[in-house]
Amino acid sequence: MIPIRDNIPSRTVPVVTVTLIIVNVLAFLYELALGGALSGFMYSFAVIPAKSFSLIREGAAVSGLWPFFTAMFLHGGWWHLIGNMLYLWIFGDNVEDTMGHLGFLVFYVLCGLGSNLAHALSDPASTIPSLGASGAIAGVLGAYIILFPRSKVVTLVPIVFFIHFIEIPAFLFLGIWFLLQIMSGLASLGVQTASGGIAWWAHIGGFAIGAVLLPFFRKRRARKKL
């Protein structure tokens, strides 16, 4: 299932959402320009749990924690980037409306940091670099499902050789998405891989953190005078 759009128009210009998309695209273009130096760049700025925890134990907390921030702006390929930005564009504007621009930015960063920590704690001995905005965006989804559970998500559903567009309630679309993350995350526990994959626990952690943080960032509506 590929989301195309939701049916809730933005009440304000989603400045932060658009800016985050631009920053992610520019960061990816910079990655492409690095060529052979990309692997060294990823070693420094992607989350490598074993490396980060080792640095923290040695007292170099800043060096160990910095990648938890930078990794949320890096991507491993065009489809990785496009998929994440599509979700951010569809669901981010309405959450930004609810929180305000600055509140949404702080919320997004906290979800990204928390999701990367959740991934690192799920496999602290891993030496595989982890990167991507999906954990932070999962936080946005966690807030969206609470704020707009009955909104409709226009979804592209390929069935055999035909493509269908159907409207799915947000609580169902995002509920299925989250359930798939949990199932995949549980299946990945204790499984050792020599190559990269999907950071399921970053998605799970980000979604849960977004839902928990929402009440602290949701703007209170002005009360009507009686």
# chains A, B, ... in the order shown; residues from 1 in each chain; ligands from 1
>>> residues_around(residues="A:Ala208", least_positions_apart="2", cutoff="9 Å", atoms="only C-alpha atoms", output="VMD selection string")
chain A and resid 111 115 138 to 139 142 to 143 203 to 206 210 to 213
>>> write_last_selection(atoms="N, CA and C atoms", output="PDB file, in the first residue's frame")
ATOM      1  N   CYS A 111      11.649  12.767  18.425  1.00  0.00           N
ATOM      2  CA  CYS A 111      11.230  11.451  17.929  1.00  0.00           C
ATOM      3  C   CYS A 111      12.379  10.766  17.187  1.00  0.00           C
ATOM      4  N   SER A 115      13.963   7.359  18.472  1.00  0.00           N
ATOM      5  CA  SER A 115      13.867   6.179  17.607  1.00  0.00           C
ATOM      6  C   SER A 115      15.240   5.571  17.342  1.00  0.00           C
ATOM      7  N   ALA A 138       8.081   8.188  11.855  1.00  0.00           N
ATOM      8  CA  ALA A 138       7.203   7.282  12.599  1.00  0.00           C
ATOM      9  C   ALA A 138       6.596   7.998  13.802  1.00  0.00           C
ATOM     10  N   GLY A 139       7.373   8.900  14.410  1.00  0.00           N
ATOM     11  CA  GLY A 139       6.829   9.708  15.502  1.00  0.00           C
ATOM     12  C   GLY A 139       5.693  10.585  15.031  1.00  0.00           C
ATOM     13  N   GLY A 142       2.709   8.428  14.723  1.00  0.00           N
ATOM     14  CA  GLY A 142       2.142   8.125  16.032  1.00  0.00           C
ATOM     15  C   GLY A 142       1.256   9.246  16.545  1.00  0.00           C
ATOM     16  N   ALA A 143       1.636  10.483  16.252  1.00  0.00           N
ATOM     17  CA  ALA A 143       0.812  11.634  16.641  1.00  0.00           C
ATOM     18  C   ALA A 143      -0.417  11.736  15.731  1.00  0.00           C
ATOM     19  N   HIS A 203      11.419   2.331  13.952  1.00  0.00           N
ATOM     20  CA  HIS A 203      10.044   2.653  13.576  1.00  0.00           C
ATOM     21  C   HIS A 203       9.103   2.481  14.771  1.00  0.00           C
ATOM     22  N   ILE A 204       9.252   1.362  15.460  1.00  0.00           N
ATOM     23  CA  ILE A 204       8.389   1.080  16.616  1.00  0.00           C
ATOM     24  C   ILE A 204       8.598   2.120  17.706  1.00  0.00           C
ATOM     25  N   GLY A 205       9.875   2.376  18.015  1.00  0.00           N
ATOM     26  CA  GLY A 205      10.187   3.354  19.051  1.00  0.00           C
ATOM     27  C   GLY A 205       9.711   4.742  18.686  1.00  0.00           C
ATOM     28  N   GLY A 206       9.935   5.161  17.427  1.00  0.00           N
ATOM     29  CA  GLY A 206       9.511   6.485  16.992  1.00  0.00           C
ATOM     30  C   GLY A 206       8.005   6.657  17.081  1.00  0.00           C
ATOM     31  N   GLY A 210       6.206   9.295  19.555  1.00  0.00           N
ATOM     32  CA  GLY A 210       5.341  10.327  19.002  1.00  0.00           C
ATOM     33  C   GLY A 210       3.998  10.373  19.702  1.00  0.00           C
ATOM     34  N   ALA A 211       3.420   9.193  19.968  1.00  0.00           N
ATOM     35  CA  ALA A 211       2.131   9.129  20.650  1.00  0.00           C
ATOM     36  C   ALA A 211       2.236   9.643  22.088  1.00  0.00           C
ATOM     37  N   VAL A 212       3.341   9.317  22.752  1.00  0.00           N
ATOM     38  CA  VAL A 212       3.532   9.736  24.154  1.00  0.00           C
ATOM     39  C   VAL A 212       3.804  11.233  24.253  1.00  0.00           C
ATOM     40  N   LEU A 213       4.575  11.775  23.320  1.00  0.00           N
ATOM     41  CA  LEU A 213       4.944  13.195  23.376  1.00  0.00           C
ATOM     42  C   LEU A 213       3.836  14.130  22.918  1.00  0.00           C
TER      43      LEU A 213
END
>>> residues_around(residues="A:His75", least_positions_apart="2", cutoff="8 Å", atoms="only C-alpha atoms", output="list in words")
Phe28, Phe73, Gly77, Trp78, His80, Leu81, Leu131, Gly132 and Ala133 of chain A
>>> residues_around(residues="A:Leu117", least_positions_apart="6", cutoff="12 Å", atoms="only C-alpha atoms", output="number ranges by chain")
A: 47-49, 52-53, 64-69, 71-72, 110-111, 123-124, 130-131, 135-136, 199, 201-206, 209
>>> atom_distance(atom1="atom CA of A:Leu88", atom2="atom CA of A:Lys51")
29.3 Å
>>> select_by_dssp(residues="stretch 66-220 of chain A", states="strand (DSSP E)", output="ChimeraX atom specification")
/A:152-159,162-169
>>> residues_around(residues="stretch 29-34 of chain A", least_positions_apart="4", cutoff="12 Å", atoms="only C-alpha atoms", output="list in words")
Ile22, Val23, Asn24, Val25, Leu38, Ser39, Gly40, Phe41, Met42, Phe45, Ala46, Phe73, Leu74, His75, Gly76, Gly77, Trp78 and Leu81 of chain A
